[in-house]
file protein22.pdb (PDB, C-alpha atoms and all ligand atoms)
MODEL        1
ATOM      1  CA  MET D1145       3.377  -4.777   0.513
ATOM      2  CA  LYS D1146       6.415  -2.625  -0.261
ATOM      3  CA  GLY D1147       9.426  -3.300   1.940
ATOM      4  CA  VAL D1148       7.792  -6.251   3.722
ATOM      5  CA  THR D1149       8.785  -9.882   3.168
ATOM      6  CA  VAL D1150       6.566 -12.623   4.585
ATOM      7  CA  VAL D1151       8.614 -15.800   4.953
ATOM      8  CA  ASP D1152       6.023 -18.411   4.016
ATOM      9  CA  HIS D1153       8.344 -21.422   3.994
ATOM     10  CA  PRO D1154       6.381 -24.522   5.108
ATOM     11  CA  LEU D1155       8.809 -25.319   7.929
ATOM     12  CA  VAL D1156       8.468 -21.804   9.316
ATOM     13  CA  GLN D1157       4.681 -21.953   9.153
ATOM     14  CA  HIS D1158       4.575 -25.410  10.759
ATOM     15  CA  LYS D1159       6.805 -24.394  13.664
ATOM     16  CA  LEU D1160       4.906 -21.126  14.101
ATOM     17  CA  THR D1161       1.643 -23.030  14.499
ATOM     18  CA  ILE D1162       3.144 -25.074  17.346
ATOM     19  CA  MET D1163       4.415 -21.881  18.978
ATOM     20  CA  ARG D1164       0.982 -20.271  18.777
ATOM     21  CA  ASP D1165      -0.636 -23.258  20.524
ATOM     22  CA  LYS D1166      -1.180 -22.310  24.169
ATOM     23  CA  GLU D1167      -0.457 -25.900  25.205
ATOM     24  CA  THR D1168       3.159 -25.637  23.995
ATOM     25  CA  SER D1169       5.548 -25.612  26.956
ATOM     26  CA  THR D1170       8.050 -22.888  27.784
ATOM     27  CA  ALA D1171      10.906 -25.209  26.809
ATOM     28  CA  GLY D1172       9.196 -26.108  23.541
ATOM     29  CA  PHE D1173       8.473 -22.464  22.748
ATOM     30  CA  ARG D1174      12.128 -21.483  23.270
ATOM     31  CA  ARG D1175      13.404 -24.379  21.171
ATOM     32  CA  LEU D1176      11.040 -23.574  18.300
ATOM     33  CA  LEU D1177      11.924 -19.872  18.381
ATOM     34  CA  ARG D1178      15.568 -20.799  18.046
ATOM     35  CA  GLU D1179      14.827 -23.182  15.163
ATOM     36  CA  ILE D1180      12.684 -20.603  13.357
ATOM     37  CA  SER D1181      15.380 -17.969  13.811
ATOM     38  CA  LEU D1182      17.708 -20.073  11.659
ATOM     39  CA  LEU D1183      15.149 -20.187   8.852
ATOM     40  CA  LEU D1184      14.273 -16.486   9.126
ATOM     41  CA  GLY D1185      17.966 -15.647   9.357
ATOM     42  CA  TYR D1186      18.505 -17.382   6.034
ATOM     43  CA  GLU D1187      15.983 -15.031   4.396
ATOM     44  CA  VAL D1188      17.083 -11.806   6.064
ATOM     45  CA  THR D1189      20.705 -12.403   4.985
ATOM     46  CA  ARG D1190      19.880 -13.768   1.516
ATOM     47  CA  ASP D1191      21.277 -10.790  -0.444
ATOM     48  CA  LEU D1192      24.386 -10.035   1.608
ATOM     49  CA  ASP D1193      27.310  -8.939  -0.534
ATOM     50  CA  LEU D1194      30.072 -11.416  -1.192
ATOM     51  CA  THR D1195      33.672 -10.952  -2.145
ATOM     52  CA  THR D1196      36.295 -13.635  -2.661
ATOM     53  CA  ARG D1197      39.498 -14.638  -0.978
ATOM     54  CA  SER D1198      42.220 -16.958  -2.036
ATOM     55  CA  ILE D1199      42.312 -20.268  -0.175
ATOM     56  CA  GLU D1200      43.996 -23.583  -0.710
ATOM     57  CA  THR D1201      41.788 -26.620  -0.724
ATOM     58  CA  PRO D1202      43.570 -29.980  -0.390
ATOM     59  CA  ILE D1203      43.402 -30.104  -4.213
ATOM     60  CA  GLU D1204      44.226 -26.604  -5.504
ATOM     61  CA  THR D1205      44.110 -22.860  -4.862
ATOM     62  CA  MET D1206      40.775 -21.175  -5.455
ATOM     63  CA  GLU D1207      39.121 -17.788  -5.188
ATOM     64  CA  ALA D1208      36.343 -18.648  -2.738
ATOM     65  CA  PRO D1209      33.258 -16.585  -1.776
ATOM     66  CA  THR D1210      33.213 -14.885   1.592
ATOM     67  CA  LEU D1211      31.018 -12.186   3.169
ATOM     68  CA  GLU D1212      32.083  -8.683   2.258
ATOM     69  CA  GLY D1213      32.367  -5.665   4.495
ATOM     70  CA  LYS D1214      32.411  -5.153   8.225
ATOM     71  CA  LYS D1215      30.794  -7.676  10.508
ATOM     72  CA  LEU D1216      27.017  -7.550  10.875
ATOM     73  CA  VAL D1217      25.310  -6.252  13.986
ATOM     74  CA  PHE D1218      22.338  -8.108  15.434
ATOM     75  CA  ALA D1219      20.346  -5.754  17.646
ATOM     76  CA  SER D1220      18.115  -7.611  20.102
ATOM     77  CA  VAL D1221      15.116  -5.860  21.605
ATOM     78  CA  LEU D1222      14.945  -7.236  25.133
ATOM     79  CA  ARG D1223      13.673  -9.513  26.373
ATOM     80  CA  ALA D1224      12.094 -11.564  23.640
ATOM     81  CA  GLY D1225      14.553 -10.527  20.925
ATOM     82  CA  ASN D1226      17.117 -12.776  22.581
ATOM     83  CA  GLY D1227      15.147 -15.815  21.388
ATOM     84  CA  LEU D1228      15.877 -14.840  17.786
ATOM     85  CA  LEU D1229      19.375 -13.576  18.542
ATOM     86  CA  GLU D1230      20.730 -16.923  19.714
ATOM     87  CA  GLY D1231      19.926 -18.712  16.459
ATOM     88  CA  LEU D1232      21.218 -15.861  14.344
ATOM     89  CA  LEU D1233      24.524 -15.970  16.191
ATOM     90  CA  ASP D1234      24.765 -19.657  15.297
ATOM     91  CA  LEU D1235      24.455 -18.633  11.632
ATOM     92  CA  VAL D1236      26.880 -15.696  11.838
ATOM     93  CA  PRO D1237      29.101 -16.320  14.871
ATOM     94  CA  ALA D1238      31.358 -13.340  14.193
ATOM     95  CA  ALA D1239      28.495 -10.819  14.237
ATOM     96  CA  ARG D1240      28.512  -7.978  16.742
ATOM     97  CA  VAL D1241      25.567  -7.598  19.110
ATOM     98  CA  ALA D1242      23.560  -4.612  20.327
ATOM     99  CA  HIS D1243      21.070  -4.856  23.188
ATOM    100  CA  ILE D1244      18.120  -2.488  23.404
ATOM    101  CA  GLY D1245      16.095  -2.762  26.614
ATOM    102  CA  LEU D1246      12.484  -1.704  26.048
ATOM    103  CA  TYR D1247       9.230  -2.638  27.693
ATOM    104  CA  ARG D1248       5.670  -1.678  26.858
ATOM    105  CA  ASP D1249       3.846   0.361  29.447
ATOM    106  CA  HIS D1250       0.724  -1.739  30.057
ATOM    107  CA  ASP D1251      -1.639   1.251  30.063
ATOM    108  CA  THR D1252      -0.253   3.579  27.405
ATOM    109  CA  LEU D1253       1.501   0.899  25.275
ATOM    110  CA  GLU D1254       4.400   3.357  24.932
ATOM    111  CA  ALA D1255       7.869   1.824  24.723
ATOM    112  CA  ILE D1256      10.000   2.646  27.770
ATOM    113  CA  GLU D1257      13.765   2.349  27.312
ATOM    114  CA  TYR D1258      15.834   0.944  30.189
ATOM    115  CA  PHE D1259      19.069  -0.185  28.510
ATOM    116  CA  PHE D1260      21.138   0.455  25.392
ATOM    117  CA  LYS D1261      24.531  -0.925  24.466
ATOM    118  CA  ALA D1262      25.803  -1.169  20.906
ATOM    119  CA  PRO D1263      29.053  -1.196  18.923
ATOM    120  CA  SER D1264      30.255   2.381  18.348
ATOM    121  CA  ASP D1265      30.647   2.165  14.567
ATOM    122  CA  LEU D1266      27.023   1.377  13.663
ATOM    123  CA  GLY D1267      27.232   3.618  10.606
ATOM    124  CA  ASP D1268      29.684   1.239   8.941
ATOM    125  CA  ARG D1269      27.613  -1.909   9.445
ATOM    126  CA  LEU D1270      24.385  -3.609   8.448
ATOM    127  CA  VAL D1271      22.206  -3.717  11.573
ATOM    128  CA  ILE D1272      19.542  -6.437  11.794
ATOM    129  CA  VAL D1273      17.078  -5.624  14.577
ATOM    130  CA  VAL D1274      15.315  -8.657  16.050
ATOM    131  CA  ASP D1275      12.128  -8.839  18.114
ATOM    132  CA  PRO D1276       9.514 -11.585  17.708
ATOM    133  CA  MET D1277       6.530  -9.206  17.936
ATOM    134  CA  LEU D1278       5.565  -6.092  15.948
ATOM    135  CA  ALA D1279       2.255  -5.121  17.548
ATOM    136  CA  THR D1280       1.608  -1.349  17.846
ATOM    137  CA  ALA D1281       5.191  -0.943  16.504
ATOM    138  CA  ASN D1282       6.018   1.461  19.354
ATOM    139  CA  SER D1283       8.949  -0.724  20.466
ATOM    140  CA  ALA D1284      10.331  -1.304  16.979
ATOM    141  CA  ILE D1285      10.046   2.372  16.037
ATOM    142  CA  ALA D1286      11.754   3.404  19.294
ATOM    143  CA  ALA D1287      14.531   0.834  18.785
ATOM    144  CA  ILE D1288      15.242   2.069  15.289
ATOM    145  CA  ASP D1289      14.999   5.754  16.271
ATOM    146  CA  LYS D1290      17.694   5.022  18.851
ATOM    147  CA  LEU D1291      19.930   3.101  16.455
ATOM    148  CA  LYS D1292      19.645   5.873  13.858
ATOM    149  CA  SER D1293      20.485   8.484  16.519
ATOM    150  CA  ARG D1294      23.680   6.468  17.132
ATOM    151  CA  GLY D1295      24.610   6.523  13.450
ATOM    152  CA  ALA D1296      23.029   3.403  11.932
ATOM    153  CA  THR D1297      21.888   3.911   8.333
ATOM    154  CA  ASN D1298      21.606   0.392   6.936
ATOM    155  CA  ILE D1299      18.960  -1.406   9.012
ATOM    156  CA  ARG D1300      16.593  -4.381   8.622
ATOM    157  CA  PHE D1301      13.874  -5.493  11.046
ATOM    158  CA  LEU D1302      13.166  -9.176  11.659
ATOM    159  CA  CYS D1303      10.174 -10.435  13.602
ATOM    160  CA  LEU D1304       7.998 -13.503  13.879
ATOM    161  CA  LEU D1305       4.514 -11.961  13.966
ATOM    162  CA  ALA D1306       3.275  -8.570  12.876
ATOM    163  CA  SER D1307      -0.093  -6.830  12.982
ATOM    164  CA  PRO D1308      -1.374  -4.939   9.939
ATOM    165  CA  GLU D1309      -1.573  -1.805  12.111
ATOM    166  CA  GLY D1310       2.036  -2.236  13.247
ATOM    167  CA  ILE D1311       3.311  -2.761   9.720
ATOM    168  CA  GLU D1312       1.519   0.381   8.557
ATOM    169  CA  ARG D1313       2.939   2.526  11.377
ATOM    170  CA  PHE D1314       6.425   1.054  11.104
ATOM    171  CA  THR D1315       6.765   1.433   7.334
ATOM    172  CA  THR D1316       5.451   5.016   7.570
ATOM    173  CA  SER D1317       7.954   5.905  10.312
ATOM    174  CA  HIS D1318      10.915   4.045   8.825
ATOM    175  CA  PRO D1319      10.265   3.486   5.093
ATOM    176  CA  ASP D1320      13.978   2.793   4.562
ATOM    177  CA  VAL D1321      13.955  -0.271   6.868
ATOM    178  CA  PRO D1322      12.838  -3.554   5.234
ATOM    179  CA  VAL D1323      10.707  -5.830   7.412
ATOM    180  CA  PHE D1324      10.910  -9.641   7.446
ATOM    181  CA  THR D1325       8.189 -11.589   9.240
ATOM    182  CA  ALA D1326       6.706 -15.083   9.297
ATOM    183  CA  SER D1327       3.122 -13.791   9.430
ATOM    184  CA  ILE D1328       0.969 -10.688   9.310
ATOM    185  CA  ASP D1329      -1.918 -11.587  11.581
ATOM    186  CA  ARG D1330      -5.482 -10.271  11.463
ATOM    187  CA  GLN D1331      -5.435  -7.317  13.878
ATOM    188  CA  LEU D1332      -4.548  -5.854  17.262
ATOM    189  CA  ASN D1333      -7.013  -6.222  20.120
ATOM    190  CA  GLU D1334      -7.991  -3.435  22.533
ATOM    191  CA  LYS D1335      -5.038  -4.310  24.789
ATOM    192  CA  GLY D1336      -2.532  -4.057  21.947
ATOM    193  CA  TYR D1337      -2.053  -7.814  21.546
ATOM    194  CA  ILE D1338      -1.731  -9.428  18.138
ATOM    195  CA  VAL D1339      -4.770 -11.541  17.177
ATOM    196  CA  PRO D1340      -4.710 -14.492  16.819
ATOM    197  CA  GLY D1341      -1.027 -14.089  17.785
ATOM    198  CA  LEU D1342       0.782 -16.217  20.335
ATOM    199  CA  GLY D1343       0.325 -14.197  23.505
ATOM    200  CA  ASP D1344       3.143 -12.386  25.298
ATOM    201  CA  ALA D1345       6.344 -13.585  23.659
ATOM    202  CA  GLY D1346       8.605 -12.727  26.605
ATOM    203  CA  ASP D1347       6.361 -14.469  29.109
ATOM    204  CA  ARG D1348       6.036 -17.545  26.906
ATOM    205  CA  MET D1349       9.813 -17.727  26.426
ATOM    206  CA  TYR D1350      10.708 -17.324  30.063
ATOM    207  CA  GLY D1351       7.617 -18.668  31.878
ATOM    208  CA  THR D1352       7.069 -15.378  33.680
ATOM    209  CA  LYS D1353       3.251 -15.241  33.574
TER     210      LYS D1353
HETATM  211  C1  LIG Y   1       6.964  -7.263  23.561
HETATM  212  C2  LIG Y   1       7.682  -7.674  22.294
HETATM  213  C3  LIG Y   1       8.000  -6.338  21.680
HETATM  214  C4  LIG Y   1       6.809  -5.500  22.060
HETATM  215  C5  LIG Y   1       5.912  -5.374  20.874
HETATM  216  O1  LIG Y   1       7.858  -6.872  24.521
HETATM  217  O2  LIG Y   1       8.809  -8.469  22.506
HETATM  218  O3  LIG Y   1       9.198  -5.764  22.140
HETATM  219  O4  LIG Y   1       6.131  -6.198  23.106
HETATM  220  O5  LIG Y   1       4.835  -4.543  21.135
HETATM  221  P1  LIG Y   1       4.650  -3.137  20.427
HETATM  222  O6  LIG Y   1       4.863  -3.342  18.961
HETATM  223  O7  LIG Y   1       3.231  -2.764  20.744
HETATM  224  O8  LIG Y   1       5.628  -2.164  21.008
HETATM  225  P2  LIG Y   1       7.427  -6.434  26.013
HETATM  226  O9  LIG Y   1       7.227  -4.965  26.064
HETATM  227  O10 LIG Y   1       6.274  -7.280  26.449
HETATM  228  O11 LIG Y   1       8.712  -6.738  26.853
HETATM  229  P3  LIG Y   1       9.410  -8.136  27.203
HETATM  230  O12 LIG Y   1       9.988  -8.711  25.928
HETATM  231  O13 LIG Y   1      10.457  -7.750  28.174
HETATM  232  O14 LIG Y   1       8.349  -9.043  27.799
HETATM  233  N1  LIG Y   2       3.884  -8.144  22.689
HETATM  234  C1  LIG Y   2       3.720  -9.489  22.742
HETATM  235  O1  LIG Y   2       4.578 -10.186  23.295
HETATM  236  N2  LIG Y   2       2.630 -10.029  22.193
HETATM  237  C2  LIG Y   2       1.684  -9.305  21.570
HETATM  238  O2  LIG Y   2       0.706  -9.869  21.056
HETATM  239  C3  LIG Y   2       1.870  -7.903  21.526
HETATM  240  C4  LIG Y   2       2.967  -7.350  22.070
ENDMDL
END

call {"tool": "encode", "arguments": {"input": "protein22.pdb", "output": "structure tokens"}}
result
Amino acid sequence: MKGVTVVDHPLVQHKLTIMRDKETSTAGFRRLLREISLLLGYEVTRDLDLTTRSIETPIETMEAPTLEGKKLVFASVLRAGNGLLEGLLDLVPAARVAHIGLYRDHDTLEAIEYFFKAPSDLGDRLVIVVDPMLATANSAIAAIDKLKSRGATNIRFLCLLASPEGIERFTTSHPDVPVFTASIDRQLNEKGYIVPGLGDAGDRMYGTK
């Protein structure tokens, strides 16, 4: 599928299976999400541009590779995006962070915005939007609409699970935004949940059900 990368690494798939299991505890779910975020982060940053800088090793001077350009922005869609954000910040500690507060209205499944805070120079940076779930895609589309309205032009979307319906809607709305996911599941159910999925990611992370 154009613009969509499924990260099928065995470690990712193994950890995802444990996360899907309804017997997995809140603490276990959070730990696994953090671990998976490191592996997904490796893929979503795989082609970042490098430049070099001169350093002195204890042996000699060398031109050593270093990330080029302005610092990345990780944009977390609250609440569940924070589970991916923490691991990504371990990988790229100097990254900037945007927070986008959105929740799904239970009846309409529309995304309702309640918070937005981001660095002002989004247009100069690569923005990696993180949210574990791409279900109807209403939240992801709204998050990216907002980031684009604030100047972002170079955007990637990273999630854990996607539905085929969500991928279709998202890539139609934002064909310029590559998607990285660990799985495209079978379908959405009548309540807008991903099937087989893992349930409500925010509730499973924070034990709020
Ligand atoms: C979940 C999830 C996504 C959204 C996906 O958040 O983290 O943001 O649903 O669904 P969609 O693709 O149909 O929009 P939720 O609205 O449950 O908020 P929460 O993270 O605060 O629990
Ligand atoms: N949000 C979730 O957390 N899970 C789903 O399956 C769909 C939307």

call {"tool": "closest_residue", "arguments": {"input": "protein22.pdb", "among": "D:Thr1352, D:Gln1157, D:Thr1201, D:Ser1181", "to": "ligand LIG 1 (chain Y)", "atoms": "all atoms listed in the file"}}
result
D:Thr1352

call {"tool": "residues_near_ligand", "arguments": {"input": "protein22.pdb", "ligand": "ligand LIG 1 (chain Y)", "cutoff": "10 Å", "atoms": "only C-alpha atoms and all ligand atoms", "output": "NGL selection string"}}
result
:D and (1220-1227 or 1244-1250 or 1252-1257 or 1274-1287 or 1303 or 1305-1307 or 1309-1311 or 1313-1314 or 1332 or 1335-1338 or 1343-1350 or 1352-1353)

call {"tool": "write_last_selection", "arguments": {"input": "protein22.pdb", "atoms": "C-alpha atoms", "output": "PDB file, in the frame of the given file"}}
result
ATOM      1  CA  SER D1220      18.115  -7.611  20.102  1.00  0.00           C
ATOM      2  CA  VAL D1221      15.116  -5.860  21.605  1.00  0.00           C
ATOM      3  CA  LEU D1222      14.945  -7.236  25.133  1.00  0.00           C
ATOM      4  CA  ARG D1223      13.673  -9.513  26.373  1.00  0.00           C
ATOM      5  CA  ALA D1224      12.094 -11.564  23.640  1.00  0.00           C
ATOM      6  CA  GLY D1225      14.553 -10.527  20.925  1.00  0.00           C
ATOM      7  CA  ASN D1226      17.117 -12.776  22.581  1.00  0.00           C
ATOM      8  CA  GLY D1227      15.147 -15.815  21.388  1.00  0.00           C
ATOM      9  CA  ILE D1244      18.120  -2.488  23.404  1.00  0.00           C
ATOM     10  CA  GLY D1245      16.095  -2.762  26.614  1.00  0.00           C
ATOM     11  CA  LEU D1246      12.484  -1.704  26.048  1.00  0.00           C
ATOM     12  CA  TYR D1247       9.230  -2.638  27.693  1.00  0.00           C
ATOM     13  CA  ARG D1248       5.670  -1.678  26.858  1.00  0.00           C
ATOM     14  CA  ASP D1249       3.846   0.361  29.447  1.00  0.00           C
ATOM     15  CA  HIS D1250       0.724  -1.739  30.057  1.00  0.00           C
ATOM     16  CA  THR D1252      -0.253   3.579  27.405  1.00  0.00           C
ATOM     17  CA  LEU D1253       1.501   0.899  25.275  1.00  0.00           C
ATOM     18  CA  GLU D1254       4.400   3.357  24.932  1.00  0.00           C
ATOM     19  CA  ALA D1255       7.869   1.824  24.723  1.00  0.00           C
ATOM     20  CA  ILE D1256      10.000   2.646  27.770  1.00  0.00           C
ATOM     21  CA  GLU D1257      13.765   2.349  27.312  1.00  0.00           C
ATOM     22  CA  VAL D1274      15.315  -8.657  16.050  1.00  0.00           C
ATOM     23  CA  ASP D1275      12.128  -8.839  18.114  1.00  0.00           C
ATOM     24  CA  PRO D1276       9.514 -11.585  17.708  1.00  0.00           C
ATOM     25  CA  MET D1277       6.530  -9.206  17.936  1.00  0.00           C
ATOM     26  CA  LEU D1278       5.565  -6.092  15.948  1.00  0.00           C
ATOM     27  CA  ALA D1279       2.255  -5.121  17.548  1.00  0.00           C
ATOM     28  CA  THR D1280       1.608  -1.349  17.846  1.00  0.00           C
ATOM     29  CA  ALA D1281       5.191  -0.943  16.504  1.00  0.00           C
ATOM     30  CA  ASN D1282       6.018   1.461  19.354  1.00  0.00           C
ATOM     31  CA  SER D1283       8.949  -0.724  20.466  1.00  0.00           C
ATOM     32  CA  ALA D1284      10.331  -1.304  16.979  1.00  0.00           C
ATOM     33  CA  ILE D1285      10.046   2.372  16.037  1.00  0.00           C
ATOM     34  CA  ALA D1286      11.754   3.404  19.294  1.00  0.00           C
ATOM     35  CA  ALA D1287      14.531   0.834  18.785  1.00  0.00           C
ATOM     36  CA  CYS D1303      10.174 -10.435  13.602  1.00  0.00           C
ATOM     37  CA  LEU D1305       4.514 -11.961  13.966  1.00  0.00           C
ATOM     38  CA  ALA D1306       3.275  -8.570  12.876  1.00  0.00           C
ATOM     39  CA  SER D1307      -0.093  -6.830  12.982  1.00  0.00           C
ATOM     40  CA  GLU D1309      -1.573  -1.805  12.111  1.00  0.00           C
ATOM     41  CA  GLY D1310       2.036  -2.236  13.247  1.00  0.00           C
ATOM     42  CA  ILE D1311       3.311  -2.761   9.720  1.00  0.00           C
ATOM     43  CA  ARG D1313       2.939   2.526  11.377  1.00  0.00           C
ATOM     44  CA  PHE D1314       6.425   1.054  11.104  1.00  0.00           C
ATOM     45  CA  LEU D1332      -4.548  -5.854  17.262  1.00  0.00           C
ATOM     46  CA  LYS D1335      -5.038  -4.310  24.789  1.00  0.00           C
ATOM     47  CA  GLY D1336      -2.532  -4.057  21.947  1.00  0.00           C
ATOM     48  CA  TYR D1337      -2.053  -7.814  21.546  1.00  0.00           C
ATOM     49  CA  ILE D1338      -1.731  -9.428  18.138  1.00  0.00           C
ATOM     50  CA  GLY D1343       0.325 -14.197  23.505  1.00  0.00           C
ATOM     51  CA  ASP D1344       3.143 -12.386  25.298  1.00  0.00           C
ATOM     52  CA  ALA D1345       6.344 -13.585  23.659  1.00  0.00           C
ATOM     53  CA  GLY D1346       8.605 -12.727  26.605  1.00  0.00           C
ATOM     54  CA  ASP D1347       6.361 -14.469  29.109  1.00  0.00           C
ATOM     55  CA  ARG D1348       6.036 -17.545  26.906  1.00  0.00           C
ATOM     56  CA  MET D1349       9.813 -17.727  26.426  1.00  0.00           C
ATOM     57  CA  TYR D1350      10.708 -17.324  30.063  1.00  0.00           C
ATOM     58  CA  THR D1352       7.069 -15.378  33.680  1.00  0.00           C
ATOM     59  CA  LYS D1353       3.251 -15.241  33.574  1.00  0.00           C
TER      60      LYS D1353
END

call {"tool": "closest_residue", "arguments": {"input": "protein22.pdb", "among": "D:Leu1216, D:Leu1228, D:Leu1304, D:Leu1211", "to": "Gly1267 of chain D", "atoms": "only C-alpha atoms"}}
result
D:Leu1216

call {"tool": "closest_residue", "arguments": {"input": "protein22.pdb", "among": "D:Gln1331, D:Thr1205, D:Thr1161, D:Ser1264", "to": "ligand LIG 2 (chain Y)", "atoms": "only C-alpha atoms and all ligand atoms"}}
result
D:Gln1331

call {"tool": "resolve_selection", "arguments": {"input": "protein22.pdb", "expression": "the PyMOL selection byres (((chain D and resi 1340) around 7) and not hetatm)", "output": "count of residues only"}}
result
6

call {"tool": "atom_distance", "arguments": {"input": "protein22.pdb", "atom1": "atom CA of Val1188 of chain D", "atom2": "atom CA of Gly1172 of chain D"}}
result
23.9 Å

call {"tool": "closest_residue", "arguments": {"input": "protein22.pdb", "among": "D:Thr1315, D:Thr1149, D:Asn1333, D:Thr1196", "to": "ligand LIG 2 (chain Y)", "atoms": "only C-alpha atoms and all ligand atoms"}}
result
D:Asn1333

call {"tool": "resolve_selection", "arguments": {"input": "protein22.pdb", "expression": "the PyMOL selection byres (((chain D and resi 1268) around 12) and not hetatm)", "output": "ChimeraX atom specification"}}
result
/D:1213-1217,1263-1267,1269-1271,1294-1299

call {"tool": "residues_around", "arguments": {"input": "protein22.pdb", "residues": "Val1323 of chain D", "least_positions_apart": "5", "cutoff": "8 Å", "atoms": "only C-alpha atoms", "output": "ChimeraX atom specification"}}
result
/D:1147-1149,1300-1303
